Every structure is written in C-alpha cells, then in structure tokens.
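A short write-up of the structure that comes next.
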Amino acid sequence: MIFTPQQVACVCEVLLQSGCMDRLAGFLRSLPHLPFLCSSSSSPRPGEQESVLKAKAAVAFHQGHFAGLYTLLEGFPFSPSSHPLLQQLWLRAHYMEAERQRGRPLGAVGKYRVRRKFPLPHTIWDGEETSYCFKEKSRNMLRKWYRLNAYPSTREKGELAGATGLTTTQVSNWFKNRRQRDRSSEVNGLRTSSSAEVHSFSDDFSHPRSPPQLPHRPPPPPLSHPPPPLHV
C-alpha cells in the first residue's frame, strides 16, 4: 500500500498517542523508505516529517536504542509542541543508562547530576528554565486551575494539555500528585493538632496543681504602749 506523507504522519501520531509502540515500530518498518514513500513528486512538509521523526524517536527509546535516539533528537529542530515528550525521552534514556552503570536506581541528587551532565539539546528546548521538564509558565497555569477545580474533566485536561504543551497523561498525573500532597499535608496537620490537644489535656488532668499562693503579708507591728492593767 502506498501512503501519502499526510497519511503517514497521521498514523504515526495516532499510534504514538495510543502508546502502541510495537504497532508503531511495525508500521515504520513497513514503509518503503523515508523520505518519502510515494512515487509522486510531493515531499513532506516540516510538520509531517516531524511526526515521523518523533515516532522513530519513541520507538528507539522503547527498544533501548539510546544512541540512535540521541542522534534523532539532536539532528532536527522540533517544534515547541513536541518538546515535552522528547525531553522526557532524552532524560529518561540518560537516567536508565546511569542506573545501569551504577547498578541501582537514581535518587533526586543523581538525576540532577545527570541533567547537568547531559543538558537538553537546543533542538528540543527553547531555553526557558524548566523544573523536572515542567516549564514554570505551565506549572503556574496548572496551579491556577487547581485552585479553581482540583478535579478537571477529561475535556478540560485536554484543553490544559494544549495550553501548556504537556500531554494529557502529564496533566492528569500532575493533578493526581497535587491532590495527594494536599491530603498528606491535611493529615499531618490534623495529627499535629491532635497531639497538641492531647498534651494540653494531659497537662490539665494528669498533674495536680498546687493551690494558688496568697501574697505574703508581714505580721502586724507591735503596739507602742501596752494596754493598762485591769483593776479587780
């Protein structure tokens, strides 16, 4: 079957969004050659080419071909809408390689060192400061929405994903984690308050209190003249 560039890009995006990496890998293998597939003189537009390269990067990560993944990510100027996904692939691949070398999972400090050693290439990063791959403007938008509604609907999550440049899964995970943190904070606050009340109750009833002390008064001064004797 001969596919047009538009059809190839559409299939790649659908399979990538559905997470069917094996089917996506099989589809890419079935293509005669890239670029670009059909006998006509049409050539892929940048967005269509990006969809194919993004799919190939995801398959390379899925199959553990990290060297090929890095080459793909560094060799094409991807659009900002693709940056969140590709940044995740870049970092997770480097994390996994570091864990293999060390023989143990990476902690927060270990991941920070990996990010410093392997910074995001300019092809998948626009230079804006990120926090664990969440740009501050995206985090601020999610925080503002959370204050209004901590349980967005599926449609609202999709709208937030489009507005922040994140995936719907990332938006869902952010809200889920935020709700869990808030619940943990409330539980810890209740425990602290209950502990304080118990100590106060114990202080009130477990330790008898001595009666209040009256102010000390000096004895009255002696009379200056003794009383006259009584005559019988």
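By convention in this document, the chains of the structure tokens carry letters A, B, ... by their order, each chain's residues are numbered from 1, and ligands are numbered from 1 in the order they are shown.
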
Please provide the set of residues having any atom within 12 Å of Thr154 of chain A, restricted to only C-alpha atoms, with same-chain residues fewer than 5 positions apart removed, written as a ChimeraX atom specification. /A:159-161,168-169,171-172

Filtering to N, CA, C and O atoms, could you give me those residues as a short mmCIF file (atom, residue, chain, number, x, y, z; two decimals), in the first residue's frame?
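Final file, out_22.cif:
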```cif
data_model
loop_
_atom_site.label_atom_id
_atom_site.label_comp_id
_atom_site.auth_asym_id
_atom_site.auth_seq_id
_atom_site.Cartn_x
_atom_site.Cartn_y
_atom_site.Cartn_z
N GLU A 159 -7.81 20.37 27.16
CA GLU A 159 -7.59 21.79 26.92
C GLU A 159 -6.35 22.29 27.64
O GLU A 159 -5.57 23.09 27.10
N LEU A 160 -6.15 21.83 28.88
CA LEU A 160 -4.96 22.21 29.62
C LEU A 160 -3.69 21.68 28.95
O LEU A 160 -2.66 22.37 28.93
N ALA A 161 -3.77 20.47 28.43
CA ALA A 161 -2.61 19.91 27.74
C ALA A 161 -2.24 20.76 26.53
O ALA A 161 -1.06 21.04 26.29
N THR A 168 -1.83 14.87 27.86
CA THR A 168 -2.97 14.69 28.76
C THR A 168 -2.57 13.83 29.96
O THR A 168 -3.02 14.09 31.09
N THR A 169 -1.73 12.84 29.74
CA THR A 169 -1.27 12.00 30.84
C THR A 169 -0.46 12.80 31.85
O THR A 169 -0.62 12.64 33.07
N VAL A 171 -0.73 16.00 32.48
CA VAL A 171 -1.67 16.85 33.20
C VAL A 171 -2.41 16.04 34.26
O VAL A 171 -2.55 16.48 35.41
N SER A 172 -2.89 14.86 33.90
CA SER A 172 -3.61 14.01 34.85
C SER A 172 -2.72 13.64 36.04
O SER A 172 -3.15 13.69 37.19
#
```

Taking only C-alpha atoms into account, produce a table as JSON lines in which each residue of segment 56-97 of chain A with an atom at most 9 Å from an atom of segment 20-24 of chain A appears once, together with its shortest atom pair and the distance in Å to one decimal, ordered by chain and rising number.
```
{"residue": "A:Lys56", "atom": "CA", "partner": "A:Leu24", "partner_atom": "CA", "distance": 8.5}
{"residue": "A:Ala58", "atom": "CA", "partner": "A:Met21", "partner_atom": "CA", "distance": 7.6}
{"residue": "A:Val59", "atom": "CA", "partner": "A:Met21", "partner_atom": "CA", "distance": 6.1}
{"residue": "A:His62", "atom": "CA", "partner": "A:Met21", "partner_atom": "CA", "distance": 7.0}
```

Which of these, A:Leu85, A:Ala55, A:Ala93, A:Ala25, has the shortest distance to Ala67 of chain A once you count only C-alpha atoms?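 Among the listed residues, A:Ala93 lies closest to Ala67 of chain A.
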
Near-Gly75 of chain A list (12 Å; only C-alpha atoms; drop same-chain fewer than 3 positions) as JSON, numbers by chain: {"A": [50, 53, 54, 57, 68, 69, 70, 71, 72, 78, 121, 122, 123, 124]}

Write the selection just made, keeping N, CA and C atoms, as an mmCIF file, in the first residue's frame?
```cif
data_model
loop_
_atom_site.group_PDB
_atom_site.id
_atom_site.type_symbol
_atom_site.label_atom_id
_atom_site.label_comp_id
_atom_site.auth_asym_id
_atom_site.auth_seq_id
_atom_site.Cartn_x
_atom_site.Cartn_y
_atom_site.Cartn_z
ATOM 1 N N GLU A 50 8.301 15.869 10.979
ATOM 2 C CA GLU A 50 8.490 15.847 12.427
ATOM 3 C C GLU A 50 7.695 14.724 13.063
ATOM 4 N N LEU A 53 9.702 11.553 12.561
ATOM 5 C CA LEU A 53 10.914 11.530 13.378
ATOM 6 C C LEU A 53 10.576 11.362 14.862
ATOM 7 N N LYS A 54 9.496 11.997 15.298
ATOM 8 C CA LYS A 54 9.072 11.846 16.694
ATOM 9 C C LYS A 54 8.669 10.396 16.978
ATOM 10 N N ALA A 57 11.784 8.341 17.206
ATOM 11 C CA ALA A 57 12.464 8.561 18.485
ATOM 12 C C ALA A 57 11.794 7.757 19.595
ATOM 13 N N GLY A 68 20.818 5.907 18.920
ATOM 14 C CA GLY A 68 20.006 6.366 17.805
ATOM 15 C C GLY A 68 19.010 7.422 18.224
ATOM 16 N N LEU A 69 18.457 7.275 19.427
ATOM 17 C CA LEU A 69 17.527 8.272 19.955
ATOM 18 C C LEU A 69 18.206 9.635 20.074
ATOM 19 N N TYR A 70 19.399 9.667 20.652
ATOM 20 C CA TYR A 70 20.096 10.936 20.823
ATOM 21 C C TYR A 70 20.404 11.585 19.478
ATOM 22 N N THR A 71 20.790 10.759 18.498
ATOM 23 C CA THR A 71 21.088 11.296 17.167
ATOM 24 C C THR A 71 19.856 11.931 16.542
ATOM 25 N N LEU A 72 18.706 11.266 16.676
ATOM 26 C CA LEU A 72 17.458 11.806 16.138
ATOM 27 C C LEU A 72 17.099 13.136 16.804
ATOM 28 N N PHE A 78 12.857 20.429 16.331
ATOM 29 C CA PHE A 78 11.460 20.101 16.600
ATOM 30 C C PHE A 78 10.699 21.334 17.072
ATOM 31 N N PRO A 121 19.344 19.304 24.409
ATOM 32 C CA PRO A 121 19.830 19.976 23.200
ATOM 33 C C PRO A 121 18.874 21.082 22.768
ATOM 34 N N HIS A 122 19.412 22.048 22.055
ATOM 35 C CA HIS A 122 18.581 23.195 21.656
ATOM 36 C C HIS A 122 17.481 22.789 20.689
ATOM 37 N N THR A 123 17.595 21.620 20.068
ATOM 38 C CA THR A 123 16.573 21.159 19.125
ATOM 39 C C THR A 123 15.270 20.772 19.815
ATOM 40 N N ILE A 124 15.312 20.507 21.139
ATOM 41 C CA ILE A 124 14.082 20.131 21.854
ATOM 42 C C ILE A 124 13.892 21.005 23.100
#
```

List the neighbours of segment 97-110 of chain A out to 10 Å using only C-alpha atoms; skip same-chain residues closer than 6 positions along the sequence, and give me the result as a list in words.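 Counting only the stated atoms, we get Gly64, Phe66, Leu91 and Arg116 of chain A.
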
Go ahead and save the residues from that selection, with all heavy atoms, as a compact mmCIF listing (two decimals), in the first residue's frame.
```txt
# COMPACT_ATOMS: atom_id res chain seq x y z
N GLY A 64 15.24 0.55 23.43
CA GLY A 64 16.52 0.70 24.12
C GLY A 64 17.67 1.12 23.23
O GLY A 64 18.83 0.99 23.63
N PHE A 66 19.39 3.84 22.55
CA PHE A 66 19.53 5.21 23.03
C PHE A 66 20.47 6.05 22.17
O PHE A 66 20.25 7.25 22.02
CB PHE A 66 20.01 5.20 24.48
CG PHE A 66 19.02 4.59 25.44
CD1 PHE A 66 19.43 4.00 26.62
CD2 PHE A 66 17.66 4.59 25.15
CE1 PHE A 66 18.52 3.44 27.49
CE2 PHE A 66 16.73 4.04 26.01
CZ PHE A 66 17.17 3.45 27.19
N LEU A 91 15.77 12.60 28.79
CA LEU A 91 16.18 12.47 30.19
C LEU A 91 16.02 11.04 30.69
O LEU A 91 16.91 10.51 31.38
CB LEU A 91 15.37 13.43 31.06
CG LEU A 91 15.67 14.91 30.85
CD1 LEU A 91 14.74 15.77 31.70
CD2 LEU A 91 17.12 15.22 31.18
N ARG A 116 22.62 17.81 34.65
CA ARG A 116 23.73 18.75 34.48
C ARG A 116 24.75 18.22 33.47
O ARG A 116 25.33 18.99 32.69
CB ARG A 116 24.41 18.99 35.83
CG ARG A 116 23.58 19.79 36.82
CD ARG A 116 23.42 21.24 36.37
NE ARG A 116 24.71 21.90 36.25
CZ ARG A 116 25.32 22.53 37.24
NH1 ARG A 116 24.76 22.57 38.45
NH2 ARG A 116 26.49 23.13 37.05
```

Which value, in Å to one decimal, gives the distance between atom CA of Pro84 of chain A and atom CA of Gln6 of chain A?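 Going from atom CA of Pro84 of chain A over to atom CA of Gln6 of chain A covers 23.0 Å.
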
Expressed in Å to a single decimal, how great is the separation between atom CA of Leu16 of chain A and atom CA of Val52 of chain A? 10.0 Å

Have a look at A:Arg155, A:Pro80, A:Leu148, A:Leu142 and name the one nearest to Phe175 of chain A; count only C-alpha atoms.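 Looking only at the distances to Phe175 of chain A, the closest residue turns out to be A:Leu142.
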
Residues of segment 68-137 of chain A classed as alpha helix (DSSP H) by DSSP on the backbone are to be reported as a PyMOL selection string. chain A and resi 68-74+83-102+108-117+136-137

Considering only C-alpha atoms, can you say which of A:Asn140, A:Asn177, A:Asn149, A:Ser82 comes closest to Gly162 of chain A? A:Ser82

Among A:Ser79, A:Leu166, A:Glu74, A:Leu120, His94 of chain A is approached most closely, using only C-alpha atoms, by A:Leu120

DSSP says strand (DSSP E or B) for which residues of segment 125-183 of chain A? Put them as a list in words?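 Strand (DSSP E or B) assignments inside segment 125-183 of chain A correspond to Thr130, Ser131, Phe134 and Lys135 of chain A.
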
Those same residues, written as a PDB file, in the first residue's frame with C-alpha atoms?
```pdb
ATOM      1  CA  THR A 130      12.347  24.023  33.442  1.00  0.00           C
ATOM      2  CA  SER A 131      11.560  22.197  36.666  1.00  0.00           C
ATOM      3  CA  PHE A 134       7.677  21.304  33.503  1.00  0.00           C
ATOM      4  CA  LYS A 135       8.111  24.899  32.456  1.00  0.00           C
TER       5      LYS A 135
END
```

Separating atom CA of Pro77 of chain A from atom CA of Glu13 of chain A, to the nearest tenth of an Å, is a gap of 17.8 Å
